Amino acid sequence: MSNQSSGLQEFKNLVGIKFQLYNSLFTSLPFHRIEKTGIFLSLLLTYCEEGYHKKLSPLQIIDDFFSKHSPDGTDRERSDILFRFVQYVERQVVLFDALEDAAFTSVNDMGGAGTLKHLSSEVVQYDKEKELKEKLKDYAVRLVLTAHPTQFYPGPVLGIINDLSRAVIENNAAQINMFMQQLGKTPFLKKQKPTPYDEAVSLIWYLENVFYHAAGKILSSLKSQFPDAVSDQNPVIQMGFWPGGDRDGNPFVKTATTLKVVDSLREAILRCYYYDVRRLKRRLTFKEVDLIIADLEEQLYQELFNPRPEAPLKIKDMLAAMGRIREILIYQNNGLFLHLVENFISKLRIFGLHFATLDLRQDSSVHVKVLKIVEERERLLPANYESLPETEKIKALVHLKPVTNSPFQDDMVNDTLESIRAVKKIQEKNGPLGCNRYIISQCNSALNMMEVYGLFLLSGWKKEALNIDIVPLFETVEDLHNASGIMGTLYTQEDYRAHLKKRNNTQTIMVGFSDGTKDGGYLMANWGIYKAKEELTKISEAHGVRVVFFDGRGGPPARGGGKTHRFYASLGKNIANKEIQLTVQGQTVSSNFGTVDSAQFNIEQLVHAGIANDLFSARKVTLNKEEESLLEEMAAISYESYTGLRDHPDFMEYLNVVSPLQFYSETNIGSRPSKRKNSGKLEFKDLRAIPFVGSWSQLKQNVTGYHGVGTALFEMEKKGKWQQVRQLYANSPYFKTLLDNSEMAMKKCFFPLTEGFSKHPRFGKIWAIIYNEFELTRKFIYKLSGKQELMSDYPIEQLSIQMRERIVLPLSTIQQYALIRFRELEHTNSPMKEIFEKLIIRCSFGVINAARNSA
């Protein structure tokens, strides 16, 4: 039996069957009239499935259900029943999450393809030890945790999922029952928006409880398998952090927040070290080492509870102490417990005293405003600065002098300058890795980069001491197209080139998938990023610069998510791959890295992807010239198809009316506003990618994951190029991964939910355009792949999605019903209007959580 089919059987046994068994425990949950709720919910599910088969609308399905089972109920009484259904389904989703987490090591082959065990056998088989050692000198995987609002579980519920998973693994029925009861009493709603600091605390929980252990295990395993290849100077795994440093569009992040977050990161890693040292102390009871470990325990205790700012604990002293212990164990104690010491040393090298590197990020337009206000008071730039060409403006910026410390009238100016000054404090306390990069959103020019360089000089930094990476973020189709030209200008600018020299001639460039897909559709966004990376690699190499790409990826395929490691494994040598850097956002943190086992497995997949790509791949390029030409043509066709939809006069109004978009900001899941501007009218350009993609997901239409793909494939067949497309699909792992991810987005679509809008006088055409593109894409993917089902290459994920979608079908139906009823009452004073609004928002939690990577 293959690993995939045995994994599928394990999934059916450990998740499918157990879900049915444990689901019965919900009848004892402490809800009002819970027994009837459970029975009625299963009836409603049947009504939904049969109703959609008969082409009924959500309104008709819910009305039919109530006319049979609550014929005399008032609107308020019926809404009370619907709220109870929502509560029930929310907890069913939590149970399913916990069962999947518990089954992870049985369902996935922990020593199979893409793991370190697999890498070890490949290296030996192909005699690549020397190449591996060379690769690991500077190869790294950096996971950057971001607080983008796609996580609907509050902290206490995440804790219950964790405990429930453990109880399921241990088959402890009494504990399972107890945790299910706790789940029933625990609120899922956040009454207030989280602050940026709250978001940081939530993600620090994952650093302490998951990444600390998983990353340590991976580095120790690499060292034990390849002792000569892993360098002490390069720990291979790095962690990054955005909450508290990401100001882009978030007015609630202040310098005080930034400093509070880095203090919390330091405290958290010290706590981890303290507990680890206490555990080590119980094993290291031998002569000499007992004194060293006891002294280290005391130092950590003092640093945590009685810190002395004038003599802080330093990571080099901790490494020196552990190095002495290691020597004594090897030469005097036969290496007893050496593996425990090695594991702890690995953690020290990965996490230092910073735990994760905090990035600062701000929009380029803010920097322009700040410079303008500073100039009005300080007069540090030429009088004709505004009318100067870009090259002359850059010359002026690189000679800026520090401003006086007296505060400005404008809070934005003060916070921008203070945040840049705060980097020095962070580095003094947490080390240079505590904070060493500044990311520029909406970076449209070389001038945008040099404005940040100038702001550092204004804030008191000296050129020779500027140990900060200035990182452009290119996202829109146009920005990606212009990226290589912008970097070419910078590489020939004398001051910036001197700065790069101090940064090891390394330039990090961030590319964003979210806004690119929102702007240009799925195929064009991915093509634009691929082409930009190829050209940026070329121009960087030509100027002797080592380029590192940092991918801003979200959860779903539309935001660069899906089978991420397969993308990296599919790249040829025409794309720089010295490091893999990517953001891990919202649900992706809990779904892919929620437990130590899943985190270790998924980090290993990324580590392996970059190494295997270099060591074992015969591909010189990701796509040859003919393949590039073919994909470029398809991207252009898909772009035309997508923008035709995007620019339709009713497009935004359709999304606003039919989906829960307008209620996104009221879900209290993130500190950042859902729009870039506070204008009353909803404009496409102001809408953030997360609520945009998330709304299509809740609508079960997932437009940004496939729209334009079917049209592109259809046109290629019409032009007589179908055979070339088939060859591309068969020979290019990159193109196949693109379409695999499209299939995932499509698998989560369910058009019967909104089919009633096909006859709508205003929105019928829009609905038909979207539905027809979906059907066209599905038809041509089947034709291309020879498959008869979406995602049939990945049967475990396919079954998981099917089961999750069935669990939330009543929820999606209730949400659409509530939306329709809300629209009917929108301009009245009916008390039911507010109740339906709450129902819409409440349904969002379960629908999004069930999808696991929906926004």
# chains A, B, ... in the order shown; residues from 1 in each chain; ligands from 1

call {"tool": "select_by_dssp", "arguments": {"residues": "range 410-618 of chain A", "states": "strand (DSSP E)", "output": "CSV table (one decimal) with N, CA and C atoms, in the first residue's frame"}}
result
chain,number,residue,atom,x,y,z
A,437,ARG,N,15.8,45.4,10.1
A,437,ARG,CA,15.4,45.7,8.8
A,437,ARG,C,14.1,46.6,8.8
A,438,TYR,N,14.1,47.4,7.7
A,438,TYR,CA,13.0,48.4,7.6
A,438,TYR,C,12.3,48.1,6.2
A,439,ILE,N,11.0,47.7,6.2
A,439,ILE,CA,10.4,47.4,5.0
A,439,ILE,C,9.5,48.5,4.5
A,440,ILE,N,9.5,48.8,3.2
A,440,ILE,CA,8.8,49.9,2.6
A,440,ILE,C,7.6,49.4,1.8
A,441,SER,N,6.4,49.5,2.3
A,441,SER,CA,5.2,49.1,1.4
A,441,SER,C,5.0,50.1,0.3
A,469,ASP,N,19.0,46.7,7.1
A,469,ASP,CA,18.6,46.4,5.8
A,469,ASP,C,17.4,47.2,5.4
A,470,ILE,N,17.5,47.9,4.3
A,470,ILE,CA,16.3,48.6,3.8
A,470,ILE,C,15.7,47.8,2.7
A,471,VAL,N,14.4,47.4,2.9
A,471,VAL,CA,13.8,46.3,2.1
A,471,VAL,C,12.6,46.9,1.3
A,472,PRO,N,12.7,46.9,0.0
A,472,PRO,CA,11.5,47.4,-0.8
A,472,PRO,C,10.4,46.2,-0.9
A,473,LEU,N,9.2,46.6,-0.8
A,473,LEU,CA,8.1,45.7,-1.0
A,473,LEU,C,7.4,46.0,-2.4
A,474,PHE,N,7.5,45.1,-3.3
A,474,PHE,CA,6.9,45.3,-4.6
A,474,PHE,C,5.6,44.3,-4.7
A,506,THR,N,24.4,42.1,0.5
A,506,THR,CA,23.2,41.4,0.4
A,506,THR,C,22.0,42.3,0.4
A,507,GLN,N,21.1,42.1,-0.6
A,507,GLN,CA,19.9,43.0,-0.6
A,507,GLN,C,18.7,42.0,-0.5
A,508,THR,N,17.9,42.3,0.5
A,508,THR,CA,16.6,41.6,0.7
A,508,THR,C,15.5,42.4,-0.1
A,509,ILE,N,14.7,41.7,-0.9
A,509,ILE,CA,13.6,42.3,-1.6
A,509,ILE,C,12.3,41.5,-1.3
A,510,MET,N,11.3,42.2,-0.9
A,510,MET,CA,10.0,41.6,-0.5
A,510,MET,C,9.1,41.7,-1.7
A,511,VAL,N,8.4,40.6,-2.1
A,511,VAL,CA,7.4,40.6,-3.1
A,511,VAL,C,6.1,40.1,-2.4
A,512,GLY,N,5.0,40.8,-2.8
A,512,GLY,CA,3.7,40.5,-2.1
A,512,GLY,C,2.8,39.9,-3.1
A,546,ARG,N,24.2,39.9,-3.7
A,546,ARG,CA,23.5,38.6,-3.3
A,546,ARG,C,22.1,39.0,-3.0
A,547,VAL,N,21.1,38.6,-3.8
A,547,VAL,CA,19.7,39.0,-3.5
A,547,VAL,C,19.0,37.9,-2.8
A,548,VAL,N,18.2,38.3,-1.8
A,548,VAL,CA,17.4,37.4,-1.0
A,548,VAL,C,15.9,37.8,-1.2
A,549,PHE,N,15.1,36.9,-1.6
A,549,PHE,CA,13.6,37.2,-1.7
A,549,PHE,C,12.8,36.8,-0.5
A,550,PHE,N,12.0,37.8,-0.1
A,550,PHE,CA,11.1,37.6,1.1
A,550,PHE,C,9.7,37.7,0.5
A,551,ASP,N,9.0,36.5,0.6
A,551,ASP,CA,7.7,36.4,0.0
A,551,ASP,C,6.6,36.7,1.1
A,552,GLY,N,5.8,37.7,0.7
A,552,GLY,CA,4.6,38.1,1.6
A,552,GLY,C,3.5,37.2,1.2
A,579,GLU,N,18.2,31.8,0.3
A,579,GLU,CA,17.3,31.8,1.5
A,579,GLU,C,15.9,31.6,1.1
A,580,ILE,N,15.1,31.0,1.9
A,580,ILE,CA,13.6,31.1,1.7
A,580,ILE,C,13.1,31.9,2.9
A,581,GLN,N,12.4,33.0,2.6
A,581,GLN,CA,11.8,33.8,3.6
A,581,GLN,C,10.4,34.1,3.2
A,582,LEU,N,9.5,33.9,4.2
A,582,LEU,CA,8.1,34.1,3.9
A,582,LEU,C,7.3,34.5,5.2
A,583,THR,N,6.2,35.2,5.0
A,583,THR,CA,5.4,35.5,6.1
A,583,THR,C,4.4,34.3,6.4
A,584,VAL,N,4.1,34.2,7.6
A,584,VAL,CA,3.2,33.2,8.1
A,584,VAL,C,2.1,33.9,8.8
A,585,GLN,N,0.9,33.9,8.3
A,585,GLN,CA,-0.2,34.8,8.8
A,585,GLN,C,-1.4,34.0,9.3

call {"tool": "residues_around", "arguments": {"residues": "Met791 in chain A", "least_positions_apart": "2", "cutoff": "9 Å", "atoms": "only C-alpha atoms", "output": "list of chain:residue names"}}
result
A:Asp740, A:Asn741, A:Glu743, A:Met744, A:Lys747, A:Lys787, A:Glu789, A:Asp793, A:Tyr794, A:Pro795, A:Glu797, A:Gln798

call {"tool": "residues_around", "arguments": {"residues": "His565 in chain A", "least_positions_apart": "6", "cutoff": "8 Å", "atoms": "only C-alpha atoms", "output": "list in words"}}
result
Gln605, Leu606 and Ala609 of chain A

call {"tool": "write_last_selection", "arguments": {"atoms": "N, CA, C and O atoms", "output": "CSV table (one decimal), in the first residue's frame"}}
result
chain,number,residue,atom,x,y,z
A,605,GLN,N,9.9,20.6,5.4
A,605,GLN,CA,9.5,20.6,3.9
A,605,GLN,C,10.1,21.8,3.3
A,605,GLN,O,10.6,21.8,2.1
A,606,LEU,N,10.1,23.0,4.0
A,606,LEU,CA,10.7,24.2,3.4
A,606,LEU,C,12.2,24.1,3.3
A,606,LEU,O,12.9,24.5,2.3
A,609,ALA,N,13.1,21.8,0.5
A,609,ALA,CA,12.8,22.4,-0.8
A,609,ALA,C,13.9,23.2,-1.4
A,609,ALA,O,14.4,23.0,-2.5

call {"tool": "residues_around", "arguments": {"residues": "Lys783 in chain A", "least_positions_apart": "4", "cutoff": "12 Å", "atoms": "only C-alpha atoms", "output": "list in words"}}
result
Gly710, Leu713, Phe714, Glu717, Trp722, Gln723, Val725, Arg726, Tyr729, Leu776, Thr777, Arg778, Lys779, Lys787, Gln788, Glu789 and Leu790 of chain A

call {"tool": "residues_around", "arguments": {"residues": "Asn405 in chain A", "least_positions_apart": "5", "cutoff": "12 Å", "atoms": "only C-alpha atoms", "output": "short mmCIF file (atom, residue, chain, number, x, y, z; two decimals) with N, CA and C atoms, in the first residue's frame"}}
result
data_model
loop_
_atom_site.label_atom_id
_atom_site.label_comp_id
_atom_site.auth_asym_id
_atom_site.auth_seq_id
_atom_site.Cartn_x
_atom_site.Cartn_y
_atom_site.Cartn_z
N VAL A 374 9.12 67.67 8.21
CA VAL A 374 10.43 67.94 8.82
C VAL A 374 11.11 69.10 8.10
N GLU A 378 12.86 72.36 9.62
CA GLU A 378 14.31 72.27 9.76
C GLU A 378 15.10 72.88 8.59
N VAL A 413 4.97 62.16 12.46
CA VAL A 413 6.39 62.50 12.30
C VAL A 413 7.16 62.05 13.53
N ASN A 414 6.64 62.38 14.70
CA ASN A 414 7.32 62.00 15.95
C ASN A 414 7.50 60.49 16.05
N LEU A 417 10.16 59.04 13.50
CA LEU A 417 11.55 59.30 13.91
C LEU A 417 11.90 58.53 15.19
N GLU A 418 10.95 58.48 16.13
CA GLU A 418 11.20 57.75 17.39
C GLU A 418 11.38 56.26 17.14
N ARG A 421 14.83 55.70 15.89
CA ARG A 421 15.81 55.83 16.99
C ARG A 421 15.73 54.61 17.92
N LEU A 458 18.37 61.51 9.50
CA LEU A 458 17.65 62.54 10.25
C LEU A 458 17.48 62.15 11.72
N SER A 459 17.35 60.84 11.94
CA SER A 459 17.08 60.34 13.31
C SER A 459 18.34 60.15 14.13
N GLY A 460 19.49 60.51 13.55
CA GLY A 460 20.72 60.46 14.35
C GLY A 460 21.65 59.31 14.03
#

call {"tool": "closest_residue", "arguments": {"among": "A:Thr357, A:Thr492, A:Asn177, A:Gln442", "to": "Glu478 in chain A", "atoms": "only C-alpha atoms"}}
result
A:Gln442

call {"tool": "residues_around", "arguments": {"residues": "range 313-330 of chain A", "least_positions_apart": "5", "cutoff": "9 Å", "atoms": "only C-alpha atoms", "output": "ChimeraX atom specification"}}
result
/A:284,286,288-290,292-293,296,299-300,303,307-308,335-338,341-342,344-345,348-349,352-353,430-431

call {"tool": "write_last_selection", "arguments": {"atoms": "C-alpha atoms", "output": "mmCIF file, in the first residue's frame"}}
result
data_model
loop_
_atom_site.group_PDB
_atom_site.id
_atom_site.type_symbol
_atom_site.label_atom_id
_atom_site.label_comp_id
_atom_site.auth_asym_id
_atom_site.auth_seq_id
_atom_site.Cartn_x
_atom_site.Cartn_y
_atom_site.Cartn_z
ATOM 1 C CA LEU A 284 23.761 17.112 34.444
ATOM 2 C CA PHE A 286 28.345 15.200 37.170
ATOM 3 C CA GLU A 288 32.093 20.355 37.259
ATOM 4 C CA VAL A 289 29.082 20.474 34.902
ATOM 5 C CA ASP A 290 26.713 20.608 37.890
ATOM 6 C CA ILE A 292 28.246 25.441 35.508
ATOM 7 C CA ILE A 293 24.563 24.587 34.906
ATOM 8 C CA LEU A 296 23.566 29.471 34.410
ATOM 9 C CA GLN A 299 21.921 33.994 35.924
ATOM 10 C CA LEU A 300 18.711 33.321 33.990
ATOM 11 C CA GLU A 303 17.813 38.240 34.396
ATOM 12 C CA PRO A 307 17.532 42.333 35.815
ATOM 13 C CA ARG A 308 20.538 44.642 36.015
ATOM 14 C CA GLY A 335 28.941 11.763 25.970
ATOM 15 C CA LEU A 336 26.100 10.959 28.367
ATOM 16 C CA PHE A 337 23.159 13.384 27.795
ATOM 17 C CA LEU A 338 25.162 15.107 25.065
ATOM 18 C CA VAL A 341 23.043 19.734 25.534
ATOM 19 C CA GLU A 342 23.312 19.870 21.723
ATOM 20 C CA PHE A 344 19.828 23.427 23.910
ATOM 21 C CA ILE A 345 22.852 24.900 22.092
ATOM 22 C CA LEU A 348 20.597 29.359 21.702
ATOM 23 C CA ARG A 349 22.012 29.753 18.183
ATOM 24 C CA GLY A 352 19.638 34.340 20.762
ATOM 25 C CA LEU A 353 18.133 36.803 23.244
ATOM 26 C CA ASN A 430 18.446 42.113 22.335
ATOM 27 C CA GLY A 431 21.472 42.114 20.029
#

call {"tool": "closest_atom_pairs", "arguments": {"of": "range 583-634 of chain A", "to": "range 521-541 of chain A", "cutoff": "12 Å", "atoms": "only C-alpha atoms", "output": "JSON lines"}}
result
{"residue": "A:Val621", "atom": "CA", "partner": "A:Glu534", "partner_atom": "CA", "distance": 9.6}
{"residue": "A:Thr622", "atom": "CA", "partner": "A:Tyr530", "partner_atom": "CA", "distance": 9.3}
{"residue": "A:Leu623", "atom": "CA", "partner": "A:Tyr530", "partner_atom": "CA", "distance": 10.0}
{"residue": "A:Glu627", "atom": "CA", "partner": "A:Trp527", "partner_atom": "CA", "distance": 11.8}
{"residue": "A:Glu628", "atom": "CA", "partner": "A:Lys531", "partner_atom": "CA", "distance": 9.1}
{"residue": "A:Ser629", "atom": "CA", "partner": "A:Trp527", "partner_atom": "CA", "distance": 10.9}
{"residue": "A:Leu630", "atom": "CA", "partner": "A:Trp527", "partner_atom": "CA", "distance": 11.0}
{"residue": "A:Leu631", "atom": "CA", "partner": "A:Trp527", "partner_atom": "CA", "distance": 7.4}
{"residue": "A:Glu632", "atom": "CA", "partner": "A:Trp527", "partner_atom": "CA", "distance": 6.9}
{"residue": "A:Glu633", "atom": "CA", "partner": "A:Met524", "partner_atom": "CA", "distance": 9.8}
{"residue": "A:Met634", "atom": "CA", "partner": "A:Leu523", "partner_atom": "CA", "distance": 7.7}

call {"tool": "residues_around", "arguments": {"residues": "Phe355 in chain A", "least_positions_apart": "6", "cutoff": "10 Å", "atoms": "only C-alpha atoms", "output": "ChimeraX atom specification"}}
result
/A:204,207-208,211-212,238-241,262,264-270,272,347-348,430,433-434

call {"tool": "select_by_dssp", "arguments": {"residues": "range 478-538 of chain A", "states": "alpha helix (DSSP H)", "output": "VMD selection string"}}
result
chain A and resid 478 to 491 494 to 502 514 to 520 522 to 538

call {"tool": "atom_distance", "arguments": {"atom1": "CA of Arg646 in chain A", "atom2": "CA of Val703 in chain A"}}
result
10.2 Å

call {"tool": "closest_residue", "arguments": {"among": "A:Gly155, A:Gly610, A:Gly112, A:Gly694", "to": "Pro660 in chain A", "atoms": "only C-alpha atoms"}}
result
A:Gly694
